[in-house]
file start09.pdb (PDB, C-alpha atoms)
MODEL        1
ATOM      1  CA  MET A 131       0.000   0.000   0.000  1.00  0.00           C
ATOM      2  CA  SER A 132       1.420   3.355  -1.003  1.00  0.00           C
ATOM      3  CA  THR A 133       2.043   5.927   1.682  1.00  0.00           C
ATOM      4  CA  GLU A 134       2.140   8.810  -0.736  1.00  0.00           C
ATOM      5  CA  ARG A 135      -0.537  10.601  -2.671  1.00  0.00           C
ATOM      6  CA  GLY A 136      -0.879  13.761  -4.708  1.00  0.00           C
ATOM      7  CA  THR A 137      -3.126  16.666  -3.878  1.00  0.00           C
ATOM      8  CA  THR A 138      -5.067  19.018  -6.055  1.00  0.00           C
ATOM      9  CA  ALA A 139      -2.747  21.966  -6.093  1.00  0.00           C
ATOM     10  CA  GLY A 140      -3.967  23.950  -9.002  1.00  0.00           C
ATOM     11  CA  THR A 141      -1.820  26.997  -9.549  1.00  0.00           C
ATOM     12  CA  THR A 142      -3.341  30.040 -11.150  1.00  0.00           C
ATOM     13  CA  ASP A 143      -1.618  33.036 -12.683  1.00  0.00           C
ATOM     14  CA  ASP A 144      -2.168  36.691 -11.829  1.00  0.00           C
ATOM     15  CA  VAL A 145      -4.259  36.084  -8.724  1.00  0.00           C
ATOM     16  CA  PRO A 146      -4.749  39.232  -6.677  1.00  0.00           C
ATOM     17  CA  ALA A 147      -3.797  38.829  -3.051  1.00  0.00           C
ATOM     18  CA  GLY A 148      -6.840  38.692  -0.825  1.00  0.00           C
ATOM     19  CA  PRO A 149      -7.175  40.699   2.369  1.00  0.00           C
ATOM     20  CA  ASP A 150      -6.495  37.609   4.487  1.00  0.00           C
ATOM     21  CA  ALA A 151      -3.440  36.455   2.472  1.00  0.00           C
ATOM     22  CA  ARG A 152      -0.837  36.901   5.186  1.00  0.00           C
ATOM     23  CA  PRO A 153       2.483  35.060   5.038  1.00  0.00           C
ATOM     24  CA  ALA A 154       2.537  31.828   7.016  1.00  0.00           C
ATOM     25  CA  THR A 155       5.616  30.345   8.663  1.00  0.00           C
ATOM     26  CA  PHE A 156       5.953  26.644   9.409  1.00  0.00           C
ATOM     27  CA  ARG A 157       8.751  25.331  11.618  1.00  0.00           C
ATOM     28  CA  ALA A 158      10.162  21.837  11.957  1.00  0.00           C
ATOM     29  CA  VAL A 159      10.317  22.347  15.726  1.00  0.00           C
ATOM     30  CA  PRO A 160       8.351  25.067  17.549  1.00  0.00           C
ATOM     31  CA  MET A 161      10.290  27.978  19.037  1.00  0.00           C
ATOM     32  CA  PRO A 162       9.587  26.946  22.678  1.00  0.00           C
ATOM     33  CA  ALA A 163      12.033  24.099  21.991  1.00  0.00           C
ATOM     34  CA  LEU A 164      14.740  26.679  22.678  1.00  0.00           C
ATOM     35  CA  ILE A 165      13.899  26.235  26.368  1.00  0.00           C
ATOM     36  CA  ALA A 166      14.912  22.579  26.087  1.00  0.00           C
ATOM     37  CA  VAL A 167      18.102  23.640  24.306  1.00  0.00           C
ATOM     38  CA  GLY A 168      18.835  25.965  27.245  1.00  0.00           C
ATOM     39  CA  PHE A 169      18.368  23.087  29.690  1.00  0.00           C
ATOM     40  CA  VAL A 170      20.788  20.981  27.621  1.00  0.00           C
ATOM     41  CA  ALA A 171      23.341  23.812  27.882  1.00  0.00           C
ATOM     42  CA  ILE A 172      22.864  23.991  31.657  1.00  0.00           C
ATOM     43  CA  CYS A 173      23.184  20.222  32.035  1.00  0.00           C
ATOM     44  CA  ILE A 174      26.422  19.984  30.082  1.00  0.00           C
ATOM     45  CA  SER A 175      28.017  23.035  31.694  1.00  0.00           C
ATOM     46  CA  PRO A 176      29.769  20.995  34.461  1.00  0.00           C
ATOM     47  CA  ILE A 177      31.473  18.966  31.725  1.00  0.00           C
ATOM     48  CA  ALA A 178      32.266  22.049  29.640  1.00  0.00           C
ATOM     49  CA  PHE A 179      33.917  23.860  32.561  1.00  0.00           C
ATOM     50  CA  LEU A 180      36.366  21.016  33.160  1.00  0.00           C
ATOM     51  CA  GLY A 181      38.707  23.017  30.989  1.00  0.00           C
ATOM     52  CA  GLY A 182      40.621  22.438  27.828  1.00  0.00           C
ATOM     53  CA  PRO A 183      38.777  21.018  24.843  1.00  0.00           C
ATOM     54  CA  TRP A 184      35.725  20.139  26.957  1.00  0.00           C
ATOM     55  CA  PHE A 185      34.529  23.701  26.412  1.00  0.00           C
ATOM     56  CA  LEU A 186      33.698  22.664  22.846  1.00  0.00           C
ATOM     57  CA  VAL A 187      30.778  20.646  24.238  1.00  0.00           C
ATOM     58  CA  PHE A 188      28.870  23.940  24.252  1.00  0.00           C
ATOM     59  CA  LEU A 189      28.801  23.729  20.441  1.00  0.00           C
ATOM     60  CA  LEU A 190      26.063  21.082  20.711  1.00  0.00           C
ATOM     61  CA  PRO A 191      23.339  23.285  22.237  1.00  0.00           C
ATOM     62  CA  LEU A 192      24.524  26.171  20.070  1.00  0.00           C
ATOM     63  CA  ALA A 193      24.046  24.057  16.925  1.00  0.00           C
ATOM     64  CA  LEU A 194      20.650  22.823  18.150  1.00  0.00           C
ATOM     65  CA  GLY A 195      19.496  26.377  18.836  1.00  0.00           C
ATOM     66  CA  TRP A 196      20.687  27.540  15.407  1.00  0.00           C
ATOM     67  CA  TRP A 197      18.768  24.680  13.762  1.00  0.00           C
ATOM     68  CA  VAL A 198      15.545  25.445  15.675  1.00  0.00           C
ATOM     69  CA  VAL A 199      15.686  29.157  14.826  1.00  0.00           C
ATOM     70  CA  ARG A 200      16.771  28.784  11.209  1.00  0.00           C
ATOM     71  CA  THR A 201      14.815  25.855   9.709  1.00  0.00           C
ATOM     72  CA  ARG A 202      11.395  26.868   8.440  1.00  0.00           C
ATOM     73  CA  THR A 203       9.145  27.250   5.437  1.00  0.00           C
ATOM     74  CA  THR A 204       7.559  30.601   4.638  1.00  0.00           C
ATOM     75  CA  VAL A 205       4.572  30.793   2.309  1.00  0.00           C
ATOM     76  CA  ASP A 206       3.338  34.061   0.820  1.00  0.00           C
ATOM     77  CA  VAL A 207       1.637  35.283  -2.355  1.00  0.00           C
ATOM     78  CA  GLU A 208       4.952  35.414  -4.239  1.00  0.00           C
ATOM     79  CA  ALA A 209       6.696  32.118  -3.486  1.00  0.00           C
ATOM     80  CA  LEU A 210       7.543  29.285  -1.147  1.00  0.00           C
ATOM     81  CA  ARG A 211      10.787  29.803   0.784  1.00  0.00           C
ATOM     82  CA  VAL A 212      12.459  26.896   2.531  1.00  0.00           C
ATOM     83  CA  ARG A 213      15.338  27.608   4.901  1.00  0.00           C
ATOM     84  CA  SER A 214      17.606  24.900   6.182  1.00  0.00           C
ATOM     85  CA  ALA A 215      20.382  25.262   8.718  1.00  0.00           C
ATOM     86  CA  TRP A 216      22.913  26.294   6.059  1.00  0.00           C
ATOM     87  CA  GLY A 217      20.973  27.559   3.056  1.00  0.00           C
ATOM     88  CA  SER A 218      17.643  28.485   1.572  1.00  0.00           C
ATOM     89  CA  GLN A 219      15.628  27.760  -1.551  1.00  0.00           C
ATOM     90  CA  ARG A 220      12.912  29.803  -3.185  1.00  0.00           C
ATOM     91  CA  LEU A 221      10.192  28.278  -5.356  1.00  0.00           C
ATOM     92  CA  ALA A 222       7.978  30.705  -7.252  1.00  0.00           C
ATOM     93  CA  TRP A 223       4.340  29.737  -7.710  1.00  0.00           C
ATOM     94  CA  ASP A 224       4.830  29.672 -11.496  1.00  0.00           C
ATOM     95  CA  ASP A 225       7.404  26.874 -11.088  1.00  0.00           C
ATOM     96  CA  LEU A 226       5.142  24.736  -8.878  1.00  0.00           C
ATOM     97  CA  ALA A 227       3.386  21.817 -10.585  1.00  0.00           C
ATOM     98  CA  THR A 228       1.719  20.198  -7.575  1.00  0.00           C
ATOM     99  CA  LEU A 229       2.061  19.365  -3.905  1.00  0.00           C
ATOM    100  CA  ARG A 230       2.706  15.775  -2.895  1.00  0.00           C
ATOM    101  CA  VAL A 231       1.415  14.660   0.474  1.00  0.00           C
ATOM    102  CA  VAL A 232       3.483  12.096   2.352  1.00  0.00           C
ATOM    103  CA  GLU A 233       1.683  10.472   5.258  1.00  0.00           C
ATOM    104  CA  ARG A 234       4.800  10.327   7.420  1.00  0.00           C
ATOM    105  CA  GLY A 235       6.825  13.398   6.662  1.00  0.00           C
ATOM    106  CA  TRP A 236       6.658  16.869   5.267  1.00  0.00           C
ATOM    107  CA  VAL A 237       4.618  17.904   2.239  1.00  0.00           C
ATOM    108  CA  ARG A 238       6.715  18.084  -0.920  1.00  0.00           C
ATOM    109  CA  ALA A 239       6.514  20.731  -3.628  1.00  0.00           C
ATOM    110  CA  VAL A 240       6.898  19.194  -7.086  1.00  0.00           C
ATOM    111  CA  ARG A 241       8.403  21.418  -9.766  1.00  0.00           C
ATOM    112  CA  GLY A 242       7.573  21.246 -13.459  1.00  0.00           C
ATOM    113  CA  ASP A 243      10.713  19.149 -14.099  1.00  0.00           C
ATOM    114  CA  GLU A 244       9.506  16.556 -11.530  1.00  0.00           C
ATOM    115  CA  SER A 245      12.151  17.536  -8.951  1.00  0.00           C
ATOM    116  CA  GLU A 246      10.881  17.867  -5.404  1.00  0.00           C
ATOM    117  CA  LEU A 247      11.448  20.230  -2.526  1.00  0.00           C
ATOM    118  CA  ALA A 248      10.507  19.182   1.002  1.00  0.00           C
ATOM    119  CA  LEU A 249       8.547  21.961   2.709  1.00  0.00           C
ATOM    120  CA  VAL A 250      10.103  21.873   6.178  1.00  0.00           C
ATOM    121  CA  GLY A 251       7.460  21.878   8.890  1.00  0.00           C
ATOM    122  CA  VAL A 252       4.467  21.666   6.513  1.00  0.00           C
ATOM    123  CA  ARG A 253       2.286  18.658   7.238  1.00  0.00           C
ATOM    124  CA  THR A 254      -1.005  17.513   5.735  1.00  0.00           C
ATOM    125  CA  ARG A 255      -2.991  19.353   8.395  1.00  0.00           C
ATOM    126  CA  ASP A 256      -1.306  22.629   7.348  1.00  0.00           C
ATOM    127  CA  LEU A 257      -2.472  22.599   3.714  1.00  0.00           C
ATOM    128  CA  GLY A 258      -5.389  24.914   4.505  1.00  0.00           C
ATOM    129  CA  ARG A 259      -3.008  27.539   5.890  1.00  0.00           C
ATOM    130  CA  VAL A 260      -0.739  27.111   2.866  1.00  0.00           C
ATOM    131  CA  ALA A 261      -3.660  27.701   0.506  1.00  0.00           C
ATOM    132  CA  GLN A 262      -4.755  30.758   2.472  1.00  0.00           C
ATOM    133  CA  ALA A 263      -1.254  32.248   2.594  1.00  0.00           C
ATOM    134  CA  SER A 264      -0.803  31.677  -1.142  1.00  0.00           C
ATOM    135  CA  GLY A 265      -3.551  34.205  -1.833  1.00  0.00           C
ATOM    136  CA  GLY A 266      -5.524  31.765  -3.968  1.00  0.00           C
ATOM    137  CA  ARG A 267      -2.573  30.487  -6.003  1.00  0.00           C
ATOM    138  CA  ILE A 268      -3.327  26.932  -4.960  1.00  0.00           C
ATOM    139  CA  THR A 269      -6.766  25.498  -4.478  1.00  0.00           C
ATOM    140  CA  MET A 270      -7.601  22.992  -1.818  1.00  0.00           C
ATOM    141  CA  PRO A 271      -9.885  20.082  -2.594  1.00  0.00           C
ATOM    142  CA  THR A 272     -13.466  20.514  -1.465  1.00  0.00           C
ATOM    143  CA  PRO A 273     -14.827  18.155   1.220  1.00  0.00           C
ATOM    144  CA  GLU A 274     -16.750  16.331  -1.530  1.00  0.00           C
ATOM    145  CA  GLU A 275     -13.528  15.799  -3.514  1.00  0.00           C
ATOM    146  CA  VAL A 276     -11.771  14.543  -0.402  1.00  0.00           C
ATOM    147  CA  GLU A 277     -14.634  12.114   0.268  1.00  0.00           C
ATOM    148  CA  ASP A 278     -14.615  10.936  -3.367  1.00  0.00           C
ATOM    149  CA  ALA A 279     -10.847  10.366  -3.191  1.00  0.00           C
ATOM    150  CA  ALA A 280     -11.221   8.434   0.082  1.00  0.00           C
ATOM    151  CA  ALA A 281     -14.020   6.311  -1.418  1.00  0.00           C
ATOM    152  CA  HIS A 282     -11.876   5.641  -4.468  1.00  0.00           C
ATOM    153  CA  GLN A 283      -8.962   4.620  -2.229  1.00  0.00           C
ATOM    154  CA  ARG A 284     -11.222   2.260  -0.264  1.00  0.00           C
ATOM    155  CA  GLU A 285     -12.505   0.753  -3.517  1.00  0.00           C
ATOM    156  CA  LEU A 286      -8.948   0.219  -4.775  1.00  0.00           C
ATOM    157  CA  GLU A 287      -7.964  -1.435  -1.512  1.00  0.00           C
ATOM    158  CA  ALA A 288     -11.010  -3.750  -1.637  1.00  0.00           C
ATOM    159  CA  THR A 289     -10.125  -4.695  -5.229  1.00  0.00           C
ATOM    160  CA  ARG A 290      -6.543  -5.466  -4.188  1.00  0.00           C
ATOM    161  CA  MET A 291      -7.843  -7.696  -1.393  1.00  0.00           C
ATOM    162  CA  ARG A 292     -10.180  -9.556  -3.796  1.00  0.00           C
ATOM    163  CA  ILE A 293      -7.313 -10.129  -6.238  1.00  0.00           C
ATOM    164  CA  ALA A 294      -5.091 -11.416  -3.425  1.00  0.00           C
ATOM    165  CA  ARG A 295      -7.815 -13.852  -2.303  1.00  0.00           C
ATOM    166  CA  LEU A 296      -8.340 -15.076  -5.875  1.00  0.00           C
ATOM    167  CA  ARG A 297      -4.608 -15.681  -6.298  1.00  0.00           C
ATOM    168  CA  GLU A 298      -4.484 -17.543  -3.004  1.00  0.00           C
ATOM    169  CA  ALA A 299      -7.454 -19.724  -4.006  1.00  0.00           C
ATOM    170  CA  GLU A 300      -5.824 -20.386  -7.382  1.00  0.00           C
ATOM    171  CA  GLN A 301      -2.589 -21.491  -5.709  1.00  0.00           C
ATOM    172  CA  GLN A 302      -4.493 -23.800  -3.370  1.00  0.00           C
ATOM    173  CA  THR A 303      -6.344 -25.325  -6.337  1.00  0.00           C
ATOM    174  CA  GLU A 304      -3.044 -25.893  -8.166  1.00  0.00           C
ATOM    175  CA  GLN A 305      -1.523 -27.532  -5.101  1.00  0.00           C
ATOM    176  CA  GLN A 306      -4.589 -29.769  -4.665  1.00  0.00           C
ATOM    177  CA  THR A 307      -4.431 -30.762  -8.334  1.00  0.00           C
ATOM    178  CA  GLU A 308      -0.730 -31.648  -8.013  1.00  0.00           C
ATOM    179  CA  GLN A 309      -1.432 -33.726  -4.898  1.00  0.00           C
ATOM    180  CA  ASP A 310      -4.293 -35.557  -6.660  1.00  0.00           C
ATOM    181  CA  THR A 311      -2.079 -36.238  -9.680  1.00  0.00           C
ATOM    182  CA  ASP A 312       0.705 -37.601  -7.446  1.00  0.00           C
ATOM    183  CA  ARG A 313      -1.787 -39.784  -5.561  1.00  0.00           C
ATOM    184  CA  ASP A 314      -3.264 -41.154  -8.794  1.00  0.00           C
ATOM    185  CA  ALA A 315       0.216 -41.925 -10.089  1.00  0.00           C
ATOM    186  CA  ALA A 316       1.096 -43.724  -6.849  1.00  0.00           C
ATOM    187  CA  ASP A 317      -2.127 -45.768  -6.998  1.00  0.00           C
ATOM    188  CA  ALA A 318      -1.523 -46.775 -10.631  1.00  0.00           C
ATOM    189  CA  THR A 319       2.037 -48.037  -9.939  1.00  0.00           C
ATOM    190  CA  PRO A 320       2.091 -51.590  -8.441  1.00  0.00           C
ATOM    191  CA  GLY A 321       3.902 -51.918  -5.119  1.00  0.00           C
ATOM    192  CA  GLU A 322       7.152 -53.793  -4.577  1.00  0.00           C
ATOM    193  CA  GLY A 323       5.402 -56.568  -2.667  1.00  0.00           C
ATOM    194  CA  SER A 324       3.143 -57.452  -5.607  1.00  0.00           C
ATOM    195  CA  GLU A 325       6.149 -57.564  -7.984  1.00  0.00           C
ATOM    196  CA  ARG A 326       7.850 -60.166  -5.770  1.00  0.00           C
ATOM    197  CA  ALA A 327       4.739 -62.237  -5.628  1.00  0.00           C
TER     198      ALA A 327
ENDMDL
END

call {"tool": "encode", "arguments": {"input": "start09.pdb", "output": "structure tokens"}}
result
Amino acid sequence: MSTERGTTAGTTDDVPAGPDARPATFRAVPMPALIAVGFVAICISPIAFLGGPWFLVFLLPLALGWWVVRTRTTVDVEALRVRSAWGSQRLAWDDLATLRVVERGWVRAVRGDESELALVGVRTRDLGRVAQASGGRITMPTPEEVEDAAAHQRELEATRMRIARLREAEQQTEQQTEQDTDRDAADATPGEGSERA
């Protein structure tokens, strides 16, 4: 069973930004995680103050804090911007072909050349906010379309199960036929005792 599916992400050109089209920011880890990073720094401070190279242990919470602050995806009416710890990528709406939803992971933006960009921090539940922040550049499926897609998925799964059962029954029939053939062959061959007699 596939864990990935595409969404209806229709992009439209020259869409005026609506009054509620405010940029949306999605983070891999929420900002309050910096508190945990601070506790890590406090906990390792006895080791760091041993002197010498042990002071470099403080680089760990520093790197964690940098990652929490830096990694994010920003969506606005102009483009999608994905920032990682060391770089950033910008994807204009004109270059976007579709969004691919991954059940375990971040939503992926698919470009026209089929290359993908993981939208850090954007999950399936966030697609409504993405559509709103895009100012109408992508359209979300209606509840009826979502229900139709779910019904179609259930129908496909039921068909797969029926095919699997038919194949299993076919294999059992073949095995039974082979056993019957072997039994008939054994019955038709006289035993060693009758040959001696």

call {"tool": "atom_distance", "arguments": {"input": "start09.pdb", "atom1": "CA of Gly242 in chain A", "atom2": "CA of Arg220 in chain A"}}
result
14.4 Å

call {"tool": "atom_distance", "arguments": {"input": "start09.pdb", "atom1": "CA of Asp225 in chain A", "atom2": "CA of Ser245 in chain A"}}
result
10.7 Å

call {"tool": "closest_residue", "arguments": {"input": "start09.pdb", "among": "A:Ala222, A:Leu249, A:Val240, A:Ala193", "to": "Ser264 in chain A", "atoms": "only C-alpha atoms"}}
result
A:Ala222

call {"tool": "residues_around", "arguments": {"input": "start09.pdb", "residues": "range 151-157 of chain A", "least_positions_apart": "2", "cutoff": "7 Å", "atoms": "only C-alpha atoms", "output": "compact mmCIF listing (two decimals) with C-alpha atoms, keeping the file's coordinate frame"}}
result
# COMPACT_ATOMS: atom_id res chain seq x y z
CA ALA A 147 -3.80 38.83 -3.05
CA GLY A 148 -6.84 38.69 -0.82
CA PRO A 149 -7.18 40.70 2.37
CA VAL A 159 10.32 22.35 15.73
CA PRO A 160 8.35 25.07 17.55
CA THR A 201 14.82 25.86 9.71
CA ARG A 202 11.40 26.87 8.44
CA THR A 203 9.14 27.25 5.44
CA THR A 204 7.56 30.60 4.64
CA VAL A 205 4.57 30.79 2.31
CA ASP A 206 3.34 34.06 0.82
CA VAL A 250 10.10 21.87 6.18
CA GLY A 251 7.46 21.88 8.89
CA VAL A 252 4.47 21.67 6.51
CA GLN A 262 -4.76 30.76 2.47
CA ALA A 263 -1.25 32.25 2.59
CA SER A 264 -0.80 31.68 -1.14
CA GLY A 265 -3.55 34.20 -1.83

call {"tool": "residues_around", "arguments": {"input": "start09.pdb", "residues": "Phe188 in chain A", "least_positions_apart": "6", "cutoff": "9 Å", "atoms": "all atoms listed in the file", "output": "CSV table (one decimal) with C-alpha atoms, keeping the file's coordinate frame"}}
result
chain,number,residue,atom,x,y,z
A,171,ALA,CA,23.3,23.8,27.9
A,174,ILE,CA,26.4,20.0,30.1
A,175,SER,CA,28.0,23.0,31.7
A,178,ALA,CA,32.3,22.0,29.6

call {"tool": "resolve_selection", "arguments": {"input": "start09.pdb", "expression": "the PyMOL selection byres ((chain A and resi 192) around 12)", "output": "PyMOL selection string"}}
result
chain A and resi 164+166-172+174+186-191+193-199

call {"tool": "atom_distance", "arguments": {"input": "start09.pdb", "atom1": "CA of Leu257 in chain A", "atom2": "CA of Val212 in chain A"}}
result
15.6 Å

call {"tool": "closest_residue", "arguments": {"input": "start09.pdb", "among": "A:Ala261, A:Ile165, A:Trp184, A:Leu221", "to": "Ala248 in chain A", "atoms": "only C-alpha atoms"}}
result
A:Leu221

call {"tool": "closest_residue", "arguments": {"input": "start09.pdb", "among": "A:Ala163, A:Ala281, A:Ile268, A:Ala316", "to": "Glu208 in chain A", "atoms": "only C-alpha atoms"}}
result
A:Ile268

call {"tool": "closest_residue", "arguments": {"input": "start09.pdb", "among": "A:Cys173, A:Pro183, A:Ile293, A:Ala158", "to": "Arg253 in chain A", "atoms": "all atoms listed in the file"}}
result
A:Ala158

call {"tool": "axis_aligned_box", "arguments": {"input": "start09.pdb", "around": "range 244-254 of chain A", "padding_each_side": "5 Å", "output": "AutoDock Vina command-line options"}}
result
--center_x 5.6 --center_y 19.3 --center_z -1.3 --size_x 23.2 --size_y 15.4 --size_z 30.4

call {"tool": "closest_residue", "arguments": {"input": "start09.pdb", "among": "A:Arg267, A:Glu274, A:Val232, A:Arg295", "to": "Arg255 in chain A", "atoms": "all atoms listed in the file"}}
result
A:Val232

call {"tool": "closest_residue", "arguments": {"input": "start09.pdb", "among": "A:Gly181, A:Gly217, A:Asp256, A:Arg290", "to": "Trp236 in chain A", "atoms": "all atoms listed in the file"}}
result
A:Asp256

call {"tool": "resolve_selection", "arguments": {"input": "start09.pdb", "expression": "the PyMOL selection byres ((chain A and resi 246) around 10)", "output": "ChimeraX atom specification"}}
result
/A:226-230,237-245,247-249

call {"tool": "build_atoms", "arguments": {"input": "start09.pdb", "residues": "range 288-297 of chain A", "atoms": "all heavy atoms", "output": "short mmCIF file (atom, residue, chain, number, x, y, z; two decimals), in the coordinates of the input"}}
result
data_model
loop_
_atom_site.label_atom_id
_atom_site.label_comp_id
_atom_site.auth_asym_id
_atom_site.auth_seq_id
_atom_site.Cartn_x
_atom_site.Cartn_y
_atom_site.Cartn_z
N ALA A 288 -10.14 -2.57 -1.60
CA ALA A 288 -11.01 -3.75 -1.64
C ALA A 288 -10.71 -4.60 -2.87
O ALA A 288 -10.70 -5.84 -2.80
CB ALA A 288 -12.47 -3.31 -1.64
N THR A 289 -10.46 -3.96 -4.01
CA THR A 289 -10.12 -4.70 -5.23
C THR A 289 -8.80 -5.43 -5.06
O THR A 289 -8.68 -6.60 -5.48
CB THR A 289 -10.04 -3.72 -6.43
OG1 THR A 289 -11.29 -3.04 -6.54
CG2 THR A 289 -9.75 -4.47 -7.71
N ARG A 290 -7.82 -4.80 -4.44
CA ARG A 290 -6.54 -5.47 -4.19
C ARG A 290 -6.74 -6.69 -3.30
O ARG A 290 -6.12 -7.74 -3.52
CB ARG A 290 -5.56 -4.50 -3.52
CG ARG A 290 -5.00 -3.46 -4.45
CD ARG A 290 -3.88 -2.67 -3.77
NE ARG A 290 -3.60 -1.47 -4.52
CZ ARG A 290 -3.84 -0.24 -4.12
NH1 ARG A 290 -4.35 -0.02 -2.94
NH2 ARG A 290 -3.54 0.80 -4.89
N MET A 291 -7.59 -6.57 -2.29
CA MET A 291 -7.84 -7.70 -1.39
C MET A 291 -8.53 -8.84 -2.14
O MET A 291 -8.18 -10.01 -1.94
CB MET A 291 -8.70 -7.24 -0.20
CG MET A 291 -8.01 -6.25 0.72
SD MET A 291 -6.58 -6.95 1.53
CE MET A 291 -7.35 -8.09 2.63
N ARG A 292 -9.50 -8.52 -3.02
CA ARG A 292 -10.18 -9.56 -3.80
C ARG A 292 -9.20 -10.28 -4.71
O ARG A 292 -9.22 -11.50 -4.84
CB ARG A 292 -11.33 -8.96 -4.61
CG ARG A 292 -12.57 -8.64 -3.78
CD ARG A 292 -13.76 -8.36 -4.67
NE ARG A 292 -13.61 -7.14 -5.42
CZ ARG A 292 -14.03 -5.94 -5.04
NH1 ARG A 292 -14.63 -5.80 -3.88
NH2 ARG A 292 -13.86 -4.88 -5.80
N ILE A 293 -8.31 -9.52 -5.36
CA ILE A 293 -7.31 -10.13 -6.24
C ILE A 293 -6.38 -11.04 -5.45
O ILE A 293 -6.04 -12.14 -5.89
CB ILE A 293 -6.53 -9.03 -7.00
CG1 ILE A 293 -7.44 -8.34 -8.01
CG2 ILE A 293 -5.30 -9.61 -7.69
CD1 ILE A 293 -6.83 -7.11 -8.64
N ALA A 294 -5.97 -10.59 -4.26
CA ALA A 294 -5.09 -11.42 -3.42
C ALA A 294 -5.79 -12.71 -3.02
O ALA A 294 -5.17 -13.79 -3.04
CB ALA A 294 -4.66 -10.62 -2.19
N ARG A 295 -7.07 -12.64 -2.67
CA ARG A 295 -7.82 -13.85 -2.30
C ARG A 295 -7.95 -14.80 -3.49
O ARG A 295 -7.84 -16.02 -3.34
CB ARG A 295 -9.20 -13.47 -1.77
CG ARG A 295 -9.17 -12.89 -0.38
CD ARG A 295 -10.56 -12.75 0.19
NE ARG A 295 -10.56 -11.77 1.25
CZ ARG A 295 -11.26 -10.65 1.28
NH1 ARG A 295 -12.08 -10.36 0.29
NH2 ARG A 295 -11.19 -9.84 2.29
N LEU A 296 -8.23 -14.23 -4.68
CA LEU A 296 -8.34 -15.08 -5.88
C LEU A 296 -7.02 -15.77 -6.19
O LEU A 296 -7.00 -16.96 -6.54
CB LEU A 296 -8.79 -14.23 -7.07
CG LEU A 296 -10.26 -13.80 -7.08
CD1 LEU A 296 -10.52 -12.82 -8.21
CD2 LEU A 296 -11.16 -15.02 -7.21
N ARG A 297 -5.92 -15.06 -6.06
CA ARG A 297 -4.61 -15.68 -6.30
C ARG A 297 -4.33 -16.78 -5.29
O ARG A 297 -3.78 -17.83 -5.62
CB ARG A 297 -3.51 -14.62 -6.24
CG ARG A 297 -3.49 -13.73 -7.45
CD ARG A 297 -2.38 -12.74 -7.39
NE ARG A 297 -2.40 -11.88 -8.57
CZ ARG A 297 -1.78 -10.73 -8.67
NH1 ARG A 297 -1.08 -10.27 -7.64
NH2 ARG A 297 -1.83 -10.01 -9.77
#
